[in-house]
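Text of target-v1.pdb, listed as PDB, C-alpha atoms:
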ATOM      1  CA  MET A   4      25.474 118.071  80.765
ATOM      2  CA  SER A   5      26.992 120.553  83.125
ATOM      3  CA  SER A   6      24.786 122.314  85.611
ATOM      4  CA  GLU A   7      26.305 124.861  87.907
ATOM      5  CA  ALA A   8      22.805 125.841  89.005
ATOM      6  CA  HIS A   9      22.322 122.649  90.959
ATOM      7  CA  LEU A  10      25.617 122.508  92.762
ATOM      8  CA  VAL A  11      25.423 122.365  96.548
ATOM      9  CA  HIS A  12      25.705 125.925  97.880
ATOM     10  CA  ASP A  13      27.537 127.052 100.967
ATOM     11  CA  THR A  14      24.365 128.193 102.747
ATOM     12  CA  GLY A  15      22.390 127.031 105.763
ATOM     13  CA  THR A  16      19.913 125.185 103.523
ATOM     14  CA  GLY A  17      22.475 123.929 101.002
ATOM     15  CA  ILE A  18      20.565 125.707  98.244
ATOM     16  CA  SER A  19      21.058 129.071  96.611
ATOM     17  CA  ASN A  20      19.770 132.015  98.677
ATOM     18  CA  ASN A  21      19.044 133.988  95.488
ATOM     19  CA  LYS A  22      16.893 131.199  94.087
ATOM     20  CA  LEU A  23      15.113 130.751  97.398
ATOM     21  CA  LEU A  24      14.396 134.484  97.469
ATOM     22  CA  MET A  25      12.935 134.347  93.947
ATOM     23  CA  TRP A  26      10.670 131.430  94.913
ATOM     24  CA  ALA A  27       9.514 133.297  98.049
ATOM     25  CA  PHE A  28       8.781 136.319  95.848
ATOM     26  CA  LEU A  29       6.835 134.177  93.363
ATOM     27  CA  GLY A  30       4.831 132.660  96.247
ATOM     28  CA  SER A  31       3.859 136.179  97.330
ATOM     29  CA  GLU A  32       3.017 137.114  93.721
ATOM     30  CA  CYS A  33       0.374 134.353  93.777
ATOM     31  CA  LEU A  34      -1.442 136.433  96.383
ATOM     32  CA  LEU A  35      -1.174 139.625  94.309
ATOM     33  CA  PHE A  36      -2.571 138.061  91.149
ATOM     34  CA  GLY A  37      -5.106 136.011  93.141
ATOM     35  CA  GLY A  38      -6.493 139.283  94.481
ATOM     36  CA  LEU A  39      -6.648 140.899  91.050
ATOM     37  CA  ILE A  40      -8.322 137.832  89.462
ATOM     38  CA  SER A  41     -10.865 137.687  92.305
ATOM     39  CA  ALA A  42     -11.617 141.420  91.925
ATOM     40  CA  TYR A  43     -12.227 140.818  88.212
ATOM     41  CA  LEU A  44     -14.544 137.849  88.872
ATOM     42  CA  ILE A  45     -16.591 139.873  91.354
ATOM     43  CA  ASN A  46     -16.922 142.807  88.928
ATOM     44  CA  ARG A  47     -17.248 141.061  85.565
ATOM     45  CA  SER A  48     -21.052 141.475  85.539
ATOM     46  CA  ARG A  49     -20.955 145.161  86.546
ATOM     47  CA  PHE A  50     -20.739 146.798  83.107
ATOM     48  CA  HIS A  51     -23.991 148.769  82.933
ATOM     49  CA  THR A  52     -22.210 151.997  81.941
ATOM     50  CA  GLY A  53     -20.183 150.491  79.087
ATOM     51  CA  PRO A  54     -19.542 147.473  76.838
ATOM     52  CA  ALA A  55     -19.898 143.958  78.284
ATOM     53  CA  PRO A  56     -16.891 141.599  78.338
ATOM     54  CA  GLY A  57     -18.637 139.072  76.092
ATOM     55  CA  ASP A  58     -19.226 141.772  73.459
ATOM     56  CA  ILE A  59     -15.744 143.201  73.375
ATOM     57  CA  PHE A  60     -13.231 140.341  73.814
ATOM     58  CA  ASP A  61     -11.475 139.192  70.636
ATOM     59  CA  ILE A  62     -10.755 135.543  71.448
ATOM     60  CA  PRO A  63      -8.902 134.621  68.191
ATOM     61  CA  PHE A  64      -6.515 137.570  68.640
ATOM     62  CA  THR A  65      -5.889 136.854  72.337
ATOM     63  CA  SER A  66      -5.354 133.167  71.520
ATOM     64  CA  VAL A  67      -2.458 134.094  69.230
ATOM     65  CA  SER A  68      -0.975 136.361  71.943
ATOM     66  CA  SER A  69      -1.290 133.533  74.477
ATOM     67  CA  PHE A  70       0.438 131.124  72.117
ATOM     68  CA  VAL A  71       3.296 133.614  71.615
ATOM     69  CA  LEU A  72       3.802 133.963  75.388
ATOM     70  CA  LEU A  73       3.623 130.192  75.884
ATOM     71  CA  MET A  74       6.325 129.626  73.268
ATOM     72  CA  SER A  75       8.516 132.249  74.963
ATOM     73  CA  SER A  76       8.715 129.890  77.934
ATOM     74  CA  LEU A  77      10.238 127.286  75.614
ATOM     75  CA  THR A  78      12.837 129.733  74.258
ATOM     76  CA  MET A  79      13.655 130.838  77.828
ATOM     77  CA  VAL A  80      14.351 127.298  78.972
ATOM     78  CA  LEU A  81      16.425 126.676  75.819
ATOM     79  CA  ALA A  82      18.487 129.798  76.671
ATOM     80  CA  LEU A  83      19.242 128.372  80.113
ATOM     81  CA  SER A  84      20.026 124.947  78.702
ATOM     82  CA  ALA A  85      22.449 126.478  76.179
ATOM     83  CA  LEU A  86      24.317 128.440  78.865
ATOM     84  CA  GLN A  87      24.518 125.394  81.142
ATOM     85  CA  ARG A  88      26.256 123.614  78.223
ATOM     86  CA  GLY A  89      28.596 126.599  77.802
ATOM     87  CA  ASP A  90      27.006 127.519  74.452
ATOM     88  CA  ILE A  91      27.140 131.329  74.726
ATOM     89  CA  ARG A  92      26.042 131.996  71.127
ATOM     90  CA  ASN A  93      22.818 129.985  71.375
ATOM     91  CA  ASN A  94      22.175 131.416  74.823
ATOM     92  CA  ARG A  95      22.156 134.926  73.325
ATOM     93  CA  ILE A  96      19.951 133.843  70.417
ATOM     94  CA  TRP A  97      17.346 132.260  72.712
ATOM     95  CA  LEU A  98      17.402 135.170  75.169
ATOM     96  CA  LEU A  99      16.820 137.623  72.326
ATOM     97  CA  THR A 100      14.065 135.401  70.904
ATOM     98  CA  THR A 101      12.372 135.306  74.309
ATOM     99  CA  ALA A 102      12.556 139.107  74.604
ATOM    100  CA  LEU A 103      11.169 139.427  71.061
ATOM    101  CA  LEU A 104       8.227 137.096  71.809
ATOM    102  CA  GLY A 105       7.558 139.015  75.040
ATOM    103  CA  SER A 106       7.583 142.276  73.076
ATOM    104  CA  LEU A 107       5.134 140.800  70.565
ATOM    105  CA  PHE A 108       2.816 139.896  73.438
ATOM    106  CA  ILE A 109       3.061 143.436  74.850
ATOM    107  CA  GLY A 110       2.432 144.870  71.377
ATOM    108  CA  GLY A 111      -0.706 142.731  71.177
ATOM    109  CA  GLN A 112      -1.849 143.982  74.564
ATOM    110  CA  VAL A 113      -1.320 147.616  73.564
ATOM    111  CA  TYR A 114      -3.337 146.958  70.380
ATOM    112  CA  GLU A 115      -6.110 145.295  72.416
ATOM    113  CA  PHE A 116      -6.265 148.152  74.935
ATOM    114  CA  THR A 117      -6.333 150.735  72.116
ATOM    115  CA  THR A 118      -9.173 148.884  70.385
ATOM    116  CA  PHE A 119     -11.149 148.704  73.635
ATOM    117  CA  LEU A 120     -10.669 152.440  74.214
ATOM    118  CA  ARG A 121     -11.924 153.177  70.687
ATOM    119  CA  GLU A 122     -14.992 151.025  71.379
ATOM    120  CA  GLY A 123     -15.796 153.018  74.508
ATOM    121  CA  LEU A 124     -14.212 150.886  77.222
ATOM    122  CA  GLY A 125     -11.956 153.135  79.306
ATOM    123  CA  TYR A 126     -10.348 152.491  82.682
ATOM    124  CA  THR A 127     -13.151 154.226  84.594
ATOM    125  CA  THR A 128     -16.056 153.227  82.313
ATOM    126  CA  SER A 129     -17.372 150.532  84.674
ATOM    127  CA  PRO A 130     -16.250 148.327  87.586
ATOM    128  CA  PHE A 131     -15.688 145.567  84.984
ATOM    129  CA  SER A 132     -13.350 147.743  82.906
ATOM    130  CA  SER A 133     -11.389 148.931  85.962
ATOM    131  CA  ALA A 134     -10.881 145.351  87.172
ATOM    132  CA  PHE A 135      -9.986 144.133  83.658
ATOM    133  CA  PHE A 136      -7.441 146.864  82.891
ATOM    134  CA  THR A 137      -5.879 146.583  86.372
ATOM    135  CA  LEU A 138      -5.435 142.816  86.104
ATOM    136  CA  THR A 139      -4.149 142.638  82.523
ATOM    137  CA  GLY A 140      -2.184 145.882  82.951
ATOM    138  CA  PHE A 141      -0.364 144.517  86.017
ATOM    139  CA  HIS A 142       0.451 141.386  84.056
ATOM    140  CA  GLY A 143       1.712 143.496  81.141
ATOM    141  CA  ILE A 144       3.977 145.456  83.521
ATOM    142  CA  HIS A 145       5.390 142.140  84.779
ATOM    143  CA  VAL A 146       6.110 141.025  81.191
ATOM    144  CA  SER A 147       7.764 144.391  80.455
ATOM    145  CA  ILE A 148       9.999 144.073  83.540
ATOM    146  CA  GLY A 149      10.880 140.560  82.341
ATOM    147  CA  ILE A 150      11.899 141.947  78.929
ATOM    148  CA  VAL A 151      14.174 144.507  80.633
ATOM    149  CA  MET A 152      15.776 141.690  82.675
ATOM    150  CA  LEU A 153      16.267 139.589  79.517
ATOM    151  CA  MET A 154      17.909 142.475  77.673
ATOM    152  CA  SER A 155      20.218 143.157  80.616
ATOM    153  CA  LEU A 156      21.253 139.483  80.449
ATOM    154  CA  VAL A 157      22.017 139.876  76.731
ATOM    155  CA  ILE A 158      24.109 142.985  77.446
ATOM    156  CA  SER A 159      25.959 141.106  80.221
ATOM    157  CA  SER A 160      26.585 138.284  77.779
ATOM    158  CA  TYR A 161      28.132 140.636  75.186
ATOM    159  CA  ARG A 162      30.271 142.187  77.938
ATOM    160  CA  GLY A 163      31.529 138.706  78.767
ATOM    161  CA  THR A 164      30.154 138.648  82.318
ATOM    162  CA  LEU A 165      27.450 136.053  81.658
ATOM    163  CA  THR A 166      29.119 132.665  81.464
ATOM    164  CA  GLN A 167      28.459 129.021  82.225
ATOM    165  CA  LYS A 168      29.734 129.663  85.764
ATOM    166  CA  ASN A 169      26.903 132.060  86.618
ATOM    167  CA  SER A 170      24.084 130.362  84.722
ATOM    168  CA  GLU A 171      22.007 130.588  87.902
ATOM    169  CA  THR A 172      21.334 134.252  87.054
ATOM    170  CA  VAL A 173      19.604 133.128  83.839
ATOM    171  CA  GLU A 174      17.762 130.430  85.777
ATOM    172  CA  ILE A 175      16.402 133.006  88.258
ATOM    173  CA  VAL A 176      15.258 135.371  85.488
ATOM    174  CA  GLY A 177      13.763 132.291  83.799
ATOM    175  CA  LEU A 178      11.756 131.465  86.938
ATOM    176  CA  TYR A 179      10.258 134.956  86.859
ATOM    177  CA  TRP A 180       9.502 134.640  83.137
ATOM    178  CA  HIS A 181       7.827 131.232  83.493
ATOM    179  CA  PHE A 182       5.760 132.557  86.408
ATOM    180  CA  VAL A 183       4.502 135.399  84.222
ATOM    181  CA  ASP A 184       3.546 132.749  81.650
ATOM    182  CA  VAL A 185       1.789 130.631  84.286
ATOM    183  CA  VAL A 186      -0.232 133.661  85.437
ATOM    184  CA  TRP A 187      -1.319 134.265  81.836
ATOM    185  CA  ILE A 188      -2.415 130.614  81.568
ATOM    186  CA  PHE A 189      -4.858 131.397  84.412
ATOM    187  CA  ILE A 190      -5.916 134.794  83.016
ATOM    188  CA  PHE A 191      -6.487 133.466  79.502
ATOM    189  CA  THR A 192      -8.759 130.677  80.737
ATOM    190  CA  VAL A 193     -10.637 132.440  83.530
ATOM    191  CA  ILE A 194     -11.062 135.883  81.933
ATOM    192  CA  TYR A 195     -11.233 135.146  78.205
ATOM    193  CA  LEU A 196     -12.316 131.533  77.620
ATOM    194  CA  VAL A 197     -14.869 131.007  80.385
ATOM    195  CA  PRO A 198     -18.031 132.481  78.790
ATOM    196  CA  SER A 199     -18.416 136.146  79.767
ATOM    197  CA  PRO A 200     -21.666 138.065  80.290
ATOM    198  CA  THR A 201     -23.045 139.930  77.265
ATOM    199  CA  SER A 202     -25.249 143.022  77.189
TER     200      SER A 202
ATOM    201  CA  MET B  13      20.075 120.836  70.326
ATOM    202  CA  SER B  14      21.455 118.207  72.562
ATOM    203  CA  THR B  15      20.787 114.510  72.367
ATOM    204  CA  ASP B  16      17.281 113.101  72.138
ATOM    205  CA  THR B  17      17.437 111.086  75.326
ATOM    206  CA  ASP B  18      14.786 112.022  77.849
ATOM    207  CA  THR B  19      17.055 112.857  80.737
ATOM    208  CA  ASP B  20      20.708 113.322  81.461
ATOM    209  CA  THR B  21      22.132 112.759  84.865
ATOM    210  CA  ASP B  22      23.916 115.695  86.379
ATOM    211  CA  SER B  23      27.286 114.469  87.557
ATOM    212  CA  GLY B  24      27.569 117.112  90.266
ATOM    213  CA  ALA B  25      24.567 116.546  92.475
ATOM    214  CA  GLY B  26      22.693 113.604  90.997
ATOM    215  CA  HIS B  27      19.806 115.722  89.589
ATOM    216  CA  GLU B  28      18.241 114.783  86.274
ATOM    217  CA  HIS B  29      17.856 117.403  83.556
ATOM    218  CA  PRO B  30      15.627 117.234  80.493
ATOM    219  CA  THR B  31      17.229 117.584  77.090
ATOM    220  CA  ASP B  32      16.277 120.335  74.651
ATOM    221  CA  ALA B  33      14.306 117.765  72.644
ATOM    222  CA  ARG B  34      12.285 116.990  75.750
ATOM    223  CA  TYR B  35      11.544 120.699  76.285
ATOM    224  CA  VAL B  36      10.363 120.980  72.678
ATOM    225  CA  ARG B  37       8.047 117.982  73.115
ATOM    226  CA  ILE B  38       6.546 119.563  76.240
ATOM    227  CA  ALA B  39       6.034 122.850  74.364
ATOM    228  CA  ILE B  40       4.244 120.964  71.570
ATOM    229  CA  LEU B  41       1.984 119.339  74.165
ATOM    230  CA  LEU B  42       1.250 122.770  75.691
ATOM    231  CA  ALA B  43       0.436 124.144  72.224
ATOM    232  CA  VAL B  44      -1.959 121.238  71.553
ATOM    233  CA  ILE B  45      -3.732 121.810  74.889
ATOM    234  CA  THR B  46      -4.001 125.543  74.099
ATOM    235  CA  ALA B  47      -5.523 124.684  70.709
ATOM    236  CA  ALA B  48      -8.038 122.414  72.480
ATOM    237  CA  GLU B  49      -8.878 125.247  74.887
ATOM    238  CA  VAL B  50      -9.435 127.707  72.058
ATOM    239  CA  SER B  51     -11.570 125.180  70.150
ATOM    240  CA  THR B  52     -14.137 125.347  72.969
ATOM    241  CA  TYR B  53     -14.839 128.928  71.838
ATOM    242  CA  TYR B  54     -16.026 127.601  68.463
ATOM    243  CA  VAL B  55     -17.539 124.216  69.454
ATOM    244  CA  ASP B  56     -20.315 124.037  72.035
ATOM    245  CA  ILE B  57     -19.526 121.241  74.489
ATOM    246  CA  GLY B  58     -22.351 122.095  76.891
ATOM    247  CA  PRO B  59     -22.108 121.759  80.671
ATOM    248  CA  VAL B  60     -18.630 120.190  80.611
ATOM    249  CA  LEU B  61     -17.130 123.402  79.208
ATOM    250  CA  ILE B  62     -15.953 124.990  82.458
ATOM    251  CA  PRO B  63     -14.670 121.739  84.076
ATOM    252  CA  ALA B  64     -12.820 120.913  80.816
ATOM    253  CA  LEU B  65     -11.245 124.400  80.694
ATOM    254  CA  MET B  66     -10.178 124.137  84.355
ATOM    255  CA  VAL B  67      -8.587 120.718  83.825
ATOM    256  CA  MET B  68      -6.667 121.912  80.743
ATOM    257  CA  MET B  69      -5.521 125.043  82.618
ATOM    258  CA  VAL B  70      -4.234 122.990  85.553
ATOM    259  CA  VAL B  71      -2.431 120.535  83.243
ATOM    260  CA  LYS B  72      -0.664 123.452  81.471
ATOM    261  CA  PHE B  73       0.235 125.006  84.813
ATOM    262  CA  PHE B  74       1.647 121.693  86.058
ATOM    263  CA  TYR B  75       3.825 121.153  82.976
ATOM    264  CA  VAL B  76       5.293 124.671  83.028
ATOM    265  CA  ALA B  77       5.967 124.581  86.789
ATOM    266  CA  ALA B  78       7.339 121.033  86.865
ATOM    267  CA  TRP B  79       9.479 121.045  83.723
ATOM    268  CA  PHE B  80      10.247 124.629  82.658
ATOM    269  CA  MET B  81      10.573 125.935  86.250
ATOM    270  CA  HIS B  82      12.461 122.745  87.209
ATOM    271  CA  LEU B  83      10.362 122.038  90.306
ATOM    272  CA  ARG B  84      10.494 118.381  89.325
ATOM    273  CA  PHE B  85      14.266 118.332  89.756
ATOM    274  CA  ASP B  86      15.026 121.061  92.285
ATOM    275  CA  SER B  87      14.883 121.208  96.067
ATOM    276  CA  VAL B  88      11.481 120.386  97.527
ATOM    277  CA  LEU B  89      11.793 123.613  99.535
ATOM    278  CA  PHE B  90      11.118 125.631  96.352
ATOM    279  CA  THR B  91       7.965 123.620  95.679
ATOM    280  CA  ARG B  92       6.819 124.251  99.248
ATOM    281  CA  PHE B  93       7.295 128.013  98.911
ATOM    282  CA  PHE B  94       5.322 128.103  95.665
ATOM    283  CA  VAL B  95       2.574 125.703  96.732
ATOM    284  CA  THR B  96       2.158 127.562 100.040
ATOM    285  CA  GLY B  97       1.568 130.794  98.102
ATOM    286  CA  LEU B  98      -0.891 129.048  95.802
ATOM    287  CA  ILE B  99      -2.839 127.380  98.633
ATOM    288  CA  LEU B 100      -2.920 130.612 100.649
ATOM    289  CA  ALA B 101      -4.133 132.612  97.636
ATOM    290  CA  THR B 102      -6.779 129.996  96.735
ATOM    291  CA  ALA B 103      -8.064 129.822 100.325
ATOM    292  CA  VAL B 104      -8.124 133.591 100.945
ATOM    293  CA  TYR B 105      -9.792 134.472  97.652
ATOM    294  CA  SER B 106     -12.274 131.567  97.775
ATOM    295  CA  ILE B 107     -13.437 133.033 101.083
ATOM    296  CA  ALA B 108     -13.521 136.542  99.570
ATOM    297  CA  LEU B 109     -15.583 135.313  96.592
ATOM    298  CA  THR B 110     -17.951 133.498  98.972
ATOM    299  CA  VAL B 111     -18.430 136.687 100.997
ATOM    300  CA  PHE B 112     -19.336 138.535  97.773
ATOM    301  CA  GLU B 113     -21.823 135.725  96.900
ATOM    302  CA  PHE B 114     -19.926 135.079  93.655
ATOM    303  CA  TRP B 115     -20.804 131.369  93.516
ATOM    304  CA  SER B 116     -24.546 131.857  94.022
ATOM    305  CA  LYS B 117     -24.644 134.436  91.199
ATOM    306  CA  GLY B 118     -23.290 131.811  88.805
TER     307      GLY B 118
END
Structure translated into structure tokens:
Amino acid sequence: MSSEAHLVHDTGTGISNNKLLMWAFLGSECLLFGGLISAYLINRSRFHTGPAPGDIFDIPFTSVSSFVLLMSSLTMVLALSALQRGDIRNNRIWLLTTALLGSLFIGGQVYEFTTFLREGLGYTTSPFSSAFFTLTGFHGIHVSIGIVMLMSLVISSYRGTLTQKNSETVEIVGLYWHFVDVVWIFIFTVIYLVPSPTS
Amino acid sequence: MSTDTDTDTDSGAGHEHPTDARYVRIAILLAVITAAEVSTYYVDIGPVLIPALMVMMVVKFFYVAAWFMHLRFDSVLFTRFFVTGLILATAVYSIALTVFEFWSKG
């Protein structure tokens, strides 16, 4: 198996500066999402002017969305593996599959938000709703940015500029994508599965 | 799909890389854990519910970070960056939640 991504780089640390930068960014993202999750936990019981979380969450639906996002991590890592082998065709297929799964997740989130709005839970309805929409909305924006990055990789591939030699680009986008998945692992458990207050 | 062996040795820098089959097996494990998590919504397991959910969440996090994000094979510097962010976030927000009396409210 060839792996350009792990070659020794001509840098002070001997590792890729771009990859190091992505990891530093992901470390800082932990603080962003930690703050949003904490704000949600503090406000989850403050819903007196609207529906309670326990009354409005659709766990079976969100479980399917979570499964879709989890499987997109598999397709992302298969895309990287294919490119590291020099298999351009499979790399494109897996990148497109990952983008498609991400889009399905976003579609599910839009459906969920629309349903909540119809049931009377708007962004300013209660402190709970503000914290919930901010947290899940920020995550959705991250997934959307990831989809744009994936599609730009696909376009680069069709232009012939994404090859085995620069597979590190796919690896770095993959790190971002997996992080978004990891954040959802936390959100799904802490916000949806841990029993929520009911009215 | 490449071969079904668990790891290949990278000839360039001596790092080990999982095969596609290995990635698929990890994804199946993650799917099974997710199914177990979701089952707690339908089956009442009493006071062990929250500890069980936390353990399953951490196991899923570990597998994605170690295998899919390649922390298991990459430079330890990357792990340090990520873990530092995680520890900092956990410490800062545990203090914030304590200040807001989150734990005493249950």
Which residues would end up in the selection if the ChimeraX specification (/B :<9) & /A were applied here, given that I need the answer as an MDAnalysis selection string? chainID A and resid 4:7 9:11 18 22:23 26:38 40:42 44:45 62:63 66 69:70 73:74 76:77 79:81 84:85 174 177:178 181:182 184:186 188:189 192:193 196:198
For a test of reading the model, state the distance in Å between atom CA of A:Thr128 and atom CA of A:Leu72, rounded to one decimal. 28.5 Å
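Across the model, the gap from atom CA of A:Leu124 to atom CA of A:Ile59 is 8.7 Å.
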For A:Gly123, find every residue with an atom within 7 Å (counting all atoms listed in the file), except residues of its own chain fewer than 3 positions away, and show them as a list in words.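 Non-adjacent residues within range: Gly53, Phe119 and Leu120 of chain A.
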Would you mind reading off the distance between atom CA of A:Thr65 and atom CA of B:Leu41, one decimal, in Å? 19.3 Å
Tell me which protein, DNA and RNA residues are within 8 Å of A:Ser75, counting only C-alpha atoms, leaving out same-chain ones fewer than 4 positions away, and put them as a short mmCIF file (atom, residue, chain, number, x, y, z; two decimals) with C-alpha atoms, in the coordinates of the input.
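In the end it all went to out-v9.cif:
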data_model
loop_
_atom_site.label_atom_id
_atom_site.label_comp_id
_atom_site.auth_asym_id
_atom_site.auth_seq_id
_atom_site.Cartn_x
_atom_site.Cartn_y
_atom_site.Cartn_z
CA VAL A 71 3.30 133.61 71.61
CA MET A 79 13.66 130.84 77.83
CA THR A 100 14.06 135.40 70.90
CA THR A 101 12.37 135.31 74.31
CA ALA A 102 12.56 139.11 74.60
CA LEU A 104 8.23 137.10 71.81
CA GLY A 105 7.56 139.01 75.04
#
Written as JSON, numbers by chain, what is the full residue list that the PyMOL selection byres ((chain A and resi 172) around 12) yields on the file shown? {"A": [7, 8, 19, 20, 21, 22, 25, 82, 83, 86, 87, 152, 153, 155, 156, 157, 159, 160, 164, 165, 166, 167, 168, 169, 170, 171, 173, 174, 175, 176, 177, 178, 179]}
Only C-alpha atoms, please: the residues just picked out, written as a JSON list (two decimals), in the frame of the given file.
[["chain", "number", "residue", "atom", "x", "y", "z"],
["A", 7, "GLU", "CA", 26.30, 124.86, 87.91],
["A", 8, "ALA", "CA", 22.80, 125.84, 89.00],
["A", 19, "SER", "CA", 21.06, 129.07, 96.61],
["A", 20, "ASN", "CA", 19.77, 132.01, 98.68],
["A", 21, "ASN", "CA", 19.04, 133.99, 95.49],
["A", 22, "LYS", "CA", 16.89, 131.20, 94.09],
["A", 25, "MET", "CA", 12.94, 134.35, 93.95],
["A", 82, "ALA", "CA", 18.49, 129.80, 76.67],
["A", 83, "LEU", "CA", 19.24, 128.37, 80.11],
["A", 86, "LEU", "CA", 24.32, 128.44, 78.86],
["A", 87, "GLN", "CA", 24.52, 125.39, 81.14],
["A", 152, "MET", "CA", 15.78, 141.69, 82.68],
["A", 153, "LEU", "CA", 16.27, 139.59, 79.52],
["A", 155, "SER", "CA", 20.22, 143.16, 80.62],
["A", 156, "LEU", "CA", 21.25, 139.48, 80.45],
["A", 157, "VAL", "CA", 22.02, 139.88, 76.73],
["A", 159, "SER", "CA", 25.96, 141.11, 80.22],
["A", 160, "SER", "CA", 26.58, 138.28, 77.78],
["A", 164, "THR", "CA", 30.15, 138.65, 82.32],
["A", 165, "LEU", "CA", 27.45, 136.05, 81.66],
["A", 166, "THR", "CA", 29.12, 132.66, 81.46],
["A", 167, "GLN", "CA", 28.46, 129.02, 82.22],
["A", 168, "LYS", "CA", 29.73, 129.66, 85.76],
["A", 169, "ASN", "CA", 26.90, 132.06, 86.62],
["A", 170, "SER", "CA", 24.08, 130.36, 84.72],
["A", 171, "GLU", "CA", 22.01, 130.59, 87.90],
["A", 173, "VAL", "CA", 19.60, 133.13, 83.84],
["A", 174, "GLU", "CA", 17.76, 130.43, 85.78],
["A", 175, "ILE", "CA", 16.40, 133.01, 88.26],
["A", 176, "VAL", "CA", 15.26, 135.37, 85.49],
["A", 177, "GLY", "CA", 13.76, 132.29, 83.80],
["A", 178, "LEU", "CA", 11.76, 131.46, 86.94],
["A", 179, "TYR", "CA", 10.26, 134.96, 86.86]]
Neighbours of point (-16.3, 136.9, 77.1) within 6 Å, using all atoms listed in the file, written as a CSV table (one decimal) with C-alpha atoms, keeping the file's coordinate frame:
chain,number,residue,atom,x,y,z
A,56,PRO,CA,-16.9,141.6,78.3
A,57,GLY,CA,-18.6,139.1,76.1
A,60,PHE,CA,-13.2,140.3,73.8
A,195,TYR,CA,-11.2,135.1,78.2
A,198,PRO,CA,-18.0,132.5,78.8
A,199,SER,CA,-18.4,136.1,79.8
So for stretch 41-59 of chain A, what box centre and size do we get, axis-aligned, 5 Å extra on each of the six sides, every listed atom, Å to one decimal, as lines of an AutoDock Vina configuration file?
center_x = -17.4
center_y = 144.8
center_z = 82.8
size_x = 23.1
size_y = 24.3
size_z = 28.9
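For the structure shown here, the set of residues caught by the PyMOL selection byres ((chain A and resi 47) around 9) is Ala42, Tyr43, Leu44, Ile45, Asn46, Ser48, Arg49, Phe50, Ala55, Pro56, Pro130, Phe131, Ser132, Ala134, Phe135, Ile194, Ser199 and Pro200 of chain A.
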Between A:Tyr126, A:Trp97, A:Trp180, A:Phe64, single out the one closest to A:Tyr114, counting only C-alpha atoms.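 For A:Tyr114, the nearest of the given residues is A:Phe64.
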Can you give me N, CA and C atoms for stretch 23-35 of chain A, written as a PDB file, in the coordinates of the input?
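Saved to part_11.pdb:
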ATOM      1  N   LEU A  23      16.126 130.866  96.342  1.00  0.00           N
ATOM      2  CA  LEU A  23      15.113 130.751  97.398  1.00  0.00           C
ATOM      3  C   LEU A  23      14.325 132.058  97.505  1.00  0.00           C
ATOM      4  N   LEU A  24      15.036 133.175  97.399  1.00  0.00           N
ATOM      5  CA  LEU A  24      14.396 134.484  97.469  1.00  0.00           C
ATOM      6  C   LEU A  24      13.413 134.664  96.302  1.00  0.00           C
ATOM      7  N   MET A  25      13.827 134.229  95.106  1.00  0.00           N
ATOM      8  CA  MET A  25      12.935 134.347  93.947  1.00  0.00           C
ATOM      9  C   MET A  25      11.683 133.500  94.152  1.00  0.00           C
ATOM     10  N   TRP A  26      11.841 132.284  94.684  1.00  0.00           N
ATOM     11  CA  TRP A  26      10.670 131.430  94.913  1.00  0.00           C
ATOM     12  C   TRP A  26       9.746 132.031  95.975  1.00  0.00           C
ATOM     13  N   ALA A  27      10.337 132.645  97.019  1.00  0.00           N
ATOM     14  CA  ALA A  27       9.514 133.297  98.049  1.00  0.00           C
ATOM     15  C   ALA A  27       8.744 134.467  97.420  1.00  0.00           C
ATOM     16  N   PHE A  28       9.425 135.205  96.549  1.00  0.00           N
ATOM     17  CA  PHE A  28       8.781 136.319  95.848  1.00  0.00           C
ATOM     18  C   PHE A  28       7.632 135.807  94.971  1.00  0.00           C
ATOM     19  N   LEU A  29       7.879 134.722  94.242  1.00  0.00           N
ATOM     20  CA  LEU A  29       6.835 134.177  93.363  1.00  0.00           C
ATOM     21  C   LEU A  29       5.642 133.676  94.179  1.00  0.00           C
ATOM     22  N   GLY A  30       5.923 133.091  95.355  1.00  0.00           N
ATOM     23  CA  GLY A  30       4.831 132.660  96.247  1.00  0.00           C
ATOM     24  C   GLY A  30       3.970 133.844  96.642  1.00  0.00           C
ATOM     25  N   SER A  31       4.616 134.983  96.938  1.00  0.00           N
ATOM     26  CA  SER A  31       3.859 136.179  97.330  1.00  0.00           C
ATOM     27  C   SER A  31       3.114 136.783  96.132  1.00  0.00           C
ATOM     28  N   GLU A  32       3.673 136.614  94.938  1.00  0.00           N
ATOM     29  CA  GLU A  32       3.017 137.114  93.721  1.00  0.00           C
ATOM     30  C   GLU A  32       1.696 136.372  93.462  1.00  0.00           C
ATOM     31  N   CYS A  33       1.633 135.115  93.914  1.00  0.00           N
ATOM     32  CA  CYS A  33       0.374 134.353  93.777  1.00  0.00           C
ATOM     33  C   CYS A  33      -0.751 135.107  94.476  1.00  0.00           C
ATOM     34  N   LEU A  34      -0.427 135.691  95.631  1.00  0.00           N
ATOM     35  CA  LEU A  34      -1.442 136.433  96.383  1.00  0.00           C
ATOM     36  C   LEU A  34      -1.838 137.714  95.647  1.00  0.00           C
ATOM     37  N   LEU A  35      -0.871 138.400  95.064  1.00  0.00           N
ATOM     38  CA  LEU A  35      -1.174 139.625  94.309  1.00  0.00           C
ATOM     39  C   LEU A  35      -2.125 139.316  93.150  1.00  0.00           C
TER      40      LEU A  35
END
